[in-house]
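Engineer: Dropping in run.cif, which is mmCIF, C-alpha atoms:
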data_input
#
loop_
_atom_site.label_atom_id
_atom_site.label_comp_id
_atom_site.auth_asym_id
_atom_site.auth_seq_id
_atom_site.Cartn_x
_atom_site.Cartn_y
_atom_site.Cartn_z
CA MET J 1 -7.33 -12.32 20.63
CA ASP J 2 -7.45 -13.13 16.92
CA ASN J 3 -5.43 -10.69 14.87
CA ILE J 4 -4.33 -10.89 11.26
CA ILE J 5 -2.07 -9.14 8.78
CA ILE J 6 -3.25 -9.45 5.19
CA TYR J 7 -1.27 -8.27 2.21
CA GLY J 8 -1.88 -7.63 -1.46
CA SER J 9 1.41 -7.57 -3.33
CA LYS J 10 2.32 -7.82 -6.99
CA TYR J 11 6.10 -7.50 -6.94
CA GLY J 12 6.97 -8.02 -3.28
CA SER J 13 7.16 -4.72 -1.37
CA ALA J 14 3.82 -5.11 0.42
CA ARG J 15 4.67 -8.74 1.20
CA ARG J 16 8.04 -7.69 2.64
CA TYR J 17 6.37 -5.11 4.89
CA ALA J 18 3.74 -7.64 5.98
CA GLU J 19 6.32 -10.29 6.81
CA LYS J 20 8.42 -7.80 8.79
CA LEU J 21 5.35 -6.52 10.65
CA SER J 22 4.46 -10.15 11.40
CA GLN J 23 7.89 -10.65 12.98
CA MET J 24 7.56 -7.42 14.96
CA THR J 25 4.06 -8.14 16.31
CA ASN J 26 3.87 -11.94 16.32
CA ILE J 27 0.71 -11.76 14.18
CA ALA J 28 0.38 -14.10 11.20
CA ALA J 29 0.62 -12.55 7.73
CA VAL J 30 -1.32 -14.03 4.82
CA ASN J 31 -1.86 -13.18 1.19
CA TYR J 32 -5.30 -11.66 0.58
CA LYS J 33 -6.11 -14.60 -1.69
CA ASP J 34 -5.75 -16.92 1.34
CA ALA J 35 -7.35 -14.69 3.98
CA PRO J 36 -9.87 -16.26 6.34
CA SER J 37 -13.17 -14.67 7.35
CA LEU J 38 -12.53 -11.34 9.04
CA SER J 39 -15.61 -11.38 11.24
CA GLY J 40 -13.77 -13.12 14.10
CA GLN J 41 -10.66 -10.94 13.95
CA ASP J 42 -10.01 -8.27 16.56
CA ILE J 43 -7.28 -6.41 14.69
CA ILE J 44 -7.16 -6.46 10.89
CA VAL J 45 -4.07 -4.99 9.24
CA TYR J 46 -4.20 -4.73 5.45
CA ILE J 47 -0.97 -3.87 3.63
CA GLY J 48 -1.48 -3.37 -0.08
CA ALA J 49 0.40 -2.18 -3.12
CA ILE J 50 -0.98 0.81 -5.01
CA TYR J 51 -1.45 0.14 -8.73
CA ALA J 52 -3.41 2.28 -11.16
CA GLY J 53 -5.12 4.17 -8.36
CA GLY J 54 -6.24 1.13 -6.40
CA VAL J 55 -4.83 -1.00 -3.59
CA THR J 56 -4.26 -4.60 -4.64
CA GLY J 57 -6.90 -6.95 -3.20
CA LEU J 58 -8.36 -4.41 -0.78
CA THR J 59 -11.90 -4.30 -2.18
CA LYS J 60 -12.14 -8.09 -2.43
CA THR J 61 -10.77 -8.60 1.08
CA LEU J 62 -13.00 -6.08 2.82
CA ARG J 63 -16.16 -6.71 0.76
CA GLY J 64 -19.11 -7.08 3.10
CA LEU J 65 -17.08 -6.31 6.24
CA VAL J 66 -18.97 -4.39 8.90
CA LEU J 67 -16.63 -3.48 11.74
CA ARG J 68 -17.83 -4.30 15.22
CA GLU J 69 -17.11 -1.70 17.90
CA SER J 70 -14.33 -3.92 19.27
CA GLN J 71 -12.60 -4.41 15.90
CA LYS J 72 -9.73 -2.32 14.63
CA LEU J 73 -8.90 -1.85 10.93
CA ILE J 74 -5.48 -0.61 9.88
CA ILE J 75 -4.72 -0.04 6.21
CA ALA J 76 -1.19 0.58 4.96
CA THR J 77 -0.65 1.45 1.31
CA VAL J 78 2.65 0.76 -0.43
CA GLY J 79 3.68 2.83 -3.42
CA LEU J 80 6.55 4.64 -5.10
CA ALA J 81 5.29 8.15 -4.40
CA ASP J 82 6.64 9.77 -1.25
CA PRO J 83 3.72 9.82 1.21
CA ASN J 84 5.37 12.68 3.12
CA ILE J 85 4.45 15.00 0.25
CA ALA J 86 0.98 16.38 1.02
CA GLU J 87 -0.32 16.09 -2.56
CA ASN J 88 0.63 12.41 -2.67
CA GLU J 89 -1.09 11.72 0.65
CA ILE J 90 -4.24 13.45 -0.61
CA ASN J 91 -4.21 11.36 -3.80
CA ILE J 92 -3.76 8.14 -1.81
CA LYS J 93 -6.66 9.00 0.51
CA GLN J 94 -8.90 9.86 -2.47
CA SER J 95 -8.07 6.50 -4.01
CA LEU J 96 -8.89 4.69 -0.76
CA ARG J 97 -12.11 6.66 -0.35
CA ALA J 98 -13.19 5.49 -3.82
CA GLN J 99 -12.31 1.89 -3.03
CA LEU J 100 -13.86 1.56 0.44
CA PRO J 101 -17.36 1.95 1.82
CA ALA J 102 -17.57 5.25 3.75
CA ALA J 103 -18.07 3.48 7.10
CA LEU J 104 -14.83 1.50 6.72
CA PHE J 105 -12.86 4.47 5.43
CA GLU J 106 -13.92 6.60 8.39
CA LYS J 107 -13.03 3.92 10.97
CA ALA J 108 -9.74 2.79 9.43
CA GLU J 109 -6.35 3.99 10.57
CA ILE J 110 -4.42 4.72 7.39
CA PHE J 111 -0.67 4.62 6.92
CA ASN J 112 1.32 5.08 3.73
CA LEU J 113 4.63 3.36 3.06
CA ARG J 114 7.12 3.57 0.22
CA GLY J 115 7.80 0.55 -1.93
CA SER J 116 10.19 -0.50 -4.65
CA ILE J 117 10.23 -1.14 -8.36
CA ASP J 118 12.41 -3.15 -10.68
CA TYR J 119 11.44 -2.53 -14.28
CA ALA J 120 13.20 -5.73 -15.36
CA LYS J 121 10.73 -7.75 -13.25
CA LEU J 122 7.54 -6.00 -14.38
CA SER J 123 5.05 -7.98 -16.39
CA PHE J 124 4.87 -7.19 -20.09
CA LEU J 125 1.58 -5.33 -19.62
CA HIS J 126 2.93 -3.25 -16.72
CA ARG J 127 6.05 -2.35 -18.74
CA ILE J 128 3.84 -1.12 -21.59
CA VAL J 129 1.63 0.90 -19.25
CA MET J 130 4.65 2.47 -17.54
CA ALA J 131 6.27 3.27 -20.90
CA LEU J 132 3.09 4.98 -22.10
CA MET J 133 2.79 6.97 -18.88
CA TYR J 134 6.46 7.96 -19.05
CA ARG J 135 6.21 9.14 -22.67
CA THR J 136 3.03 11.08 -21.95
CA LEU J 137 4.52 12.79 -18.90
CA LYS J 138 7.79 13.64 -20.66
CA LYS J 139 5.79 15.68 -23.18
CA LEU J 140 4.40 17.90 -20.41
CA PRO J 141 6.32 20.93 -19.19
CA ARG J 142 8.19 20.11 -15.96
CA GLU J 143 6.14 22.63 -13.97
CA LYS J 144 2.99 20.59 -14.70
CA TRP J 145 4.42 17.41 -13.18
CA SER J 146 2.89 16.37 -9.89
CA PRO J 147 5.27 15.00 -7.24
CA GLU J 148 3.94 11.53 -8.09
CA ASN J 149 4.64 12.07 -11.79
CA GLN J 150 8.12 13.35 -11.03
CA ALA J 151 8.84 10.19 -9.00
CA LEU J 152 7.73 8.05 -11.94
CA ILE J 153 9.96 9.96 -14.35
CA GLU J 154 12.97 9.83 -12.00
CA THR J 155 12.65 6.08 -11.41
CA TYR J 156 11.60 5.01 -14.91
CA GLY J 157 13.53 2.03 -16.19
CA LYS J 158 15.48 1.62 -12.97
CA GLN J 159 15.58 -0.63 -9.96
CA VAL J 160 14.86 1.41 -6.83
CA ASP J 161 13.99 0.32 -3.33
CA PHE J 162 12.45 2.79 -0.87
CA VAL J 163 11.29 0.08 1.56
CA ASP J 164 12.03 1.29 5.09
CA PHE J 165 11.01 -1.02 7.91
CA ASP J 166 11.42 1.81 10.42
CA THR J 167 8.23 3.31 8.96
CA LEU J 168 6.34 0.35 10.44
CA ALA J 169 6.87 1.74 13.98
CA PRO J 170 3.58 3.71 14.09
CA ILE J 171 1.69 0.62 12.91
CA VAL J 172 3.38 -1.53 15.56
CA SER J 173 2.40 1.06 18.18
CA SER J 174 -1.19 1.08 16.98
CA VAL J 175 -1.39 -2.71 17.04
CA ALA J 176 0.29 -2.89 20.46
CA SER J 177 -2.20 -0.42 21.91
CA ARG J 178 -4.95 -2.98 21.32
CA SER J 179 -3.22 -6.32 21.80
CA ASP J 180 -0.63 -8.19 23.74
CA CYS J 181 2.03 -8.22 21.01
CA ARG J 182 5.70 -8.21 21.87
#
Do you think you could lay out the structure here as structure tokens?

Structural biologist:
Amino acid sequence: MDNIIIYGSKYGSARRYAEKLSQMTNIAAVNYKDAPSLSGQDIIVYIGAIYAGGVTGLTKTLRGLVLRESQKLIIATVGLADPNIAENEINIKQSLRAQLPAALFEKAEIFNLRGSIDYAKLSFLHRIVMALMYRTLKKLPREKWSPENQALIETYGKQVDFVDFDTLAPIVSSVASRSDCR
């Protein structure tokens, strides 16, 4: 069985999850920029960071993919917003729906994981974007903040790490149900 874990990471959280999942399942993890053809893969796991409403590398990686009946696609997003809050989960799914062809979205198993941020390590452009978002949100009354906006405001300028490898357990179970992983 050919299985693969592909990740799209800007600052490391998605890569960390992919590497840990690789250890847990004995499936190779590769950066989306180095991913091989997916047509011969039985299980495709894509772990990608959420930035500006999109998942890093997802569109490029899955472009032209038509899942065979025997193939399984698992997508795990990684972001700061708590995916256990219903509004955040809805926003993530809407973003994925906009990024994926309907056939892939409907067949994919979707998981949402929490990531990390270290403002000191952000690129200059990302620091500017985050500063603009922060200033704009701070002008709004608190009752108009979405849970995602509140998370941005609470973490702004800080180093926070919500990575929790225990949240990979459902993905490991899903992979194991279709392969002979450890």

Engineer: What does the PyMOL selection byres ((chain J and resi 33-40) around 10) select in this file, as a list in words?

Structural biologist: Met1, Asp2, Asn3, Ile4, Ile5, Ile6, Tyr7, Gly8, Ala29, Val30, Asn31, Tyr32, Gln41, Asp42, Ile43, Ile44, Gly57, Lys60, Thr61, Leu62, Gly64, Leu65, Val66, Leu67, Arg68 and Gln71 of chain J

Engineer: Keeping only C-alpha atoms, write those residues as a compact mmCIF listing (two decimals), in the coordinates of the input.

Structural biologist:
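Output saved as out_37.txt:
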# COMPACT_ATOMS: atom_id res chain seq x y z
CA MET J 1 -7.33 -12.32 20.63
CA ASP J 2 -7.45 -13.13 16.92
CA ASN J 3 -5.43 -10.69 14.87
CA ILE J 4 -4.33 -10.89 11.26
CA ILE J 5 -2.07 -9.14 8.78
CA ILE J 6 -3.25 -9.45 5.19
CA TYR J 7 -1.27 -8.27 2.21
CA GLY J 8 -1.88 -7.63 -1.46
CA ALA J 29 0.62 -12.55 7.73
CA VAL J 30 -1.32 -14.03 4.82
CA ASN J 31 -1.86 -13.18 1.19
CA TYR J 32 -5.30 -11.66 0.58
CA GLN J 41 -10.66 -10.94 13.95
CA ASP J 42 -10.01 -8.27 16.56
CA ILE J 43 -7.28 -6.41 14.69
CA ILE J 44 -7.16 -6.46 10.89
CA GLY J 57 -6.90 -6.95 -3.20
CA LYS J 60 -12.14 -8.09 -2.43
CA THR J 61 -10.77 -8.60 1.08
CA LEU J 62 -13.00 -6.08 2.82
CA GLY J 64 -19.11 -7.08 3.10
CA LEU J 65 -17.08 -6.31 6.24
CA VAL J 66 -18.97 -4.39 8.90
CA LEU J 67 -16.63 -3.48 11.74
CA ARG J 68 -17.83 -4.30 15.22
CA GLN J 71 -12.60 -4.41 15.90

Engineer: Have a look at J:Val45, J:Asn149, J:Ile75, J:Gly54 and name the one nearest to Thr25 in chain J; count all atoms listed in the file.

Structural biologist: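 Result for the nearest residue to Thr25 in chain J: J:Val45.
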
Engineer: When you draw a straight line from CA of Gln23 in chain J to CA of Val78 in chain J, how long is it in Å?

Structural biologist: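 Going from CA of Gln23 in chain J over to CA of Val78 in chain J, I get 18.4 Å.
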
Engineer: Give as number ranges by chain each residue that has an atom at most 9 Å from (13.8, 1.8, -15.1) in the file, counting all atoms listed in the file.

Structural biologist: J: 117-120, 154-160

Engineer: Written as a PyMOL selection string, what is the full residue list that the PyMOL selection byres ((chain J and resi 162) around 9) yields on the file shown?

Structural biologist: chain J and resi 80+113-117+160-161+163-164

Engineer: Could you write out the selected residues, including C-alpha atoms, as a PDB file, in the coordinates of the input?

Structural biologist:
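What follows is the written file part.pdb:
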ATOM      1  CA  LEU J  80       6.550   4.640  -5.100  1.00  0.00           C
ATOM      2  CA  LEU J 113       4.630   3.360   3.060  1.00  0.00           C
ATOM      3  CA  ARG J 114       7.120   3.570   0.220  1.00  0.00           C
ATOM      4  CA  GLY J 115       7.800   0.550  -1.930  1.00  0.00           C
ATOM      5  CA  SER J 116      10.190  -0.500  -4.650  1.00  0.00           C
ATOM      6  CA  ILE J 117      10.230  -1.140  -8.360  1.00  0.00           C
ATOM      7  CA  VAL J 160      14.860   1.410  -6.830  1.00  0.00           C
ATOM      8  CA  ASP J 161      13.990   0.320  -3.330  1.00  0.00           C
ATOM      9  CA  VAL J 163      11.290   0.080   1.560  1.00  0.00           C
ATOM     10  CA  ASP J 164      12.030   1.290   5.090  1.00  0.00           C
TER      11      ASP J 164
END

Engineer: Using CA of Leu137 in chain J and CA of Leu58 in chain J as the two end points, give the distance in Å to one decimal.

Structural biologist: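 It comes out at 28.1 Å.
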
Engineer: Which of these residues is nearest to Ser22 in chain J, using all atoms listed in the file: J:Ser9, J:Lys72, J:Ile47, J:Ile90?

Structural biologist: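 Closest candidate: J:Ile47.
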
Engineer: Kindly indicate which residue among J:Ser174, J:Gln99, J:Thr136, J:Ser123 lies nearest to Arg63 in chain J, using only C-alpha atoms for the distances.

Structural biologist: J:Gln99

Engineer: Output as a PDB file, in the frame of the given file: range 6-24 of chain J, completed with N, CA and C atoms.

Structural biologist:
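Generated output (rebuild_11.pdb):
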ATOM      1  N   ILE J   6      -2.946  -8.985   6.546  1.00  0.00           N
ATOM      2  CA  ILE J   6      -3.250  -9.450   5.190  1.00  0.00           C
ATOM      3  C   ILE J   6      -2.509  -8.527   4.236  1.00  0.00           C
ATOM      4  N   TYR J   7      -1.973  -9.113   3.177  1.00  0.00           N
ATOM      5  CA  TYR J   7      -1.270  -8.270   2.210  1.00  0.00           C
ATOM      6  C   TYR J   7      -1.702  -8.577   0.783  1.00  0.00           C
ATOM      7  N   GLY J   8      -1.641  -7.526  -0.023  1.00  0.00           N
ATOM      8  CA  GLY J   8      -1.880  -7.630  -1.460  1.00  0.00           C
ATOM      9  C   GLY J   8      -0.646  -7.080  -2.146  1.00  0.00           C
ATOM     10  N   SER J   9       0.123  -7.957  -2.759  1.00  0.00           N
ATOM     11  CA  SER J   9       1.410  -7.570  -3.330  1.00  0.00           C
ATOM     12  C   SER J   9       1.543  -8.131  -4.731  1.00  0.00           C
ATOM     13  N   LYS J  10       2.072  -7.336  -5.639  1.00  0.00           N
ATOM     14  CA  LYS J  10       2.320  -7.820  -6.990  1.00  0.00           C
ATOM     15  C   LYS J  10       3.786  -8.165  -7.190  1.00  0.00           C
ATOM     16  N   TYR J  11       4.674  -7.303  -6.696  1.00  0.00           N
ATOM     17  CA  TYR J  11       6.100  -7.500  -6.940  1.00  0.00           C
ATOM     18  C   TYR J  11       6.925  -7.628  -5.655  1.00  0.00           C
ATOM     19  N   GLY J  12       6.260  -7.648  -4.497  1.00  0.00           N
ATOM     20  CA  GLY J  12       6.970  -8.020  -3.280  1.00  0.00           C
ATOM     21  C   GLY J  12       7.114  -7.002  -2.178  1.00  0.00           C
ATOM     22  N   SER J  13       6.960  -5.715  -2.430  1.00  0.00           N
ATOM     23  CA  SER J  13       7.160  -4.720  -1.370  1.00  0.00           C
ATOM     24  C   SER J  13       6.131  -4.850  -0.251  1.00  0.00           C
ATOM     25  N   ALA J  14       4.863  -4.975  -0.605  1.00  0.00           N
ATOM     26  CA  ALA J  14       3.820  -5.110   0.420  1.00  0.00           C
ATOM     27  C   ALA J  14       4.016  -6.403   1.208  1.00  0.00           C
ATOM     28  N   ARG J  15       4.402  -7.468   0.525  1.00  0.00           N
ATOM     29  CA  ARG J  15       4.670  -8.740   1.200  1.00  0.00           C
ATOM     30  C   ARG J  15       5.834  -8.595   2.174  1.00  0.00           C
ATOM     31  N   ARG J  16       6.880  -7.901   1.759  1.00  0.00           N
ATOM     32  CA  ARG J  16       8.040  -7.690   2.640  1.00  0.00           C
ATOM     33  C   ARG J  16       7.639  -6.929   3.897  1.00  0.00           C
ATOM     34  N   TYR J  17       6.853  -5.872   3.720  1.00  0.00           N
ATOM     35  CA  TYR J  17       6.370  -5.110   4.890  1.00  0.00           C
ATOM     36  C   TYR J  17       5.517  -5.998   5.787  1.00  0.00           C
ATOM     37  N   ALA J  18       4.624  -6.786   5.191  1.00  0.00           N
ATOM     38  CA  ALA J  18       3.740  -7.640   5.980  1.00  0.00           C
ATOM     39  C   ALA J  18       4.538  -8.676   6.766  1.00  0.00           C
ATOM     40  N   GLU J  19       5.510  -9.279   6.127  1.00  0.00           N
ATOM     41  CA  GLU J  19       6.320 -10.290   6.810  1.00  0.00           C
ATOM     42  C   GLU J  19       7.131  -9.664   7.952  1.00  0.00           C
ATOM     43  N   LYS J  20       7.662  -8.476   7.725  1.00  0.00           N
ATOM     44  CA  LYS J  20       8.420  -7.800   8.790  1.00  0.00           C
ATOM     45  C   LYS J  20       7.491  -7.408   9.933  1.00  0.00           C
ATOM     46  N   LEU J  21       6.315  -6.885   9.613  1.00  0.00           N
ATOM     47  CA  LEU J  21       5.350  -6.520  10.650  1.00  0.00           C
ATOM     48  C   LEU J  21       4.927  -7.769  11.424  1.00  0.00           C
ATOM     49  N   SER J  22       4.792  -8.884  10.743  1.00  0.00           N
ATOM     50  CA  SER J  22       4.460 -10.150  11.400  1.00  0.00           C
ATOM     51  C   SER J  22       5.530 -10.516  12.425  1.00  0.00           C
ATOM     52  N   GLN J  23       6.784 -10.367  12.044  1.00  0.00           N
ATOM     53  CA  GLN J  23       7.890 -10.650  12.980  1.00  0.00           C
ATOM     54  C   GLN J  23       7.859  -9.693  14.172  1.00  0.00           C
ATOM     55  N   MET J  24       7.536  -8.437  13.914  1.00  0.00           N
ATOM     56  CA  MET J  24       7.560  -7.420  14.960  1.00  0.00           C
ATOM     57  C   MET J  24       6.394  -7.540  15.943  1.00  0.00           C
TER      58      MET J  24
END
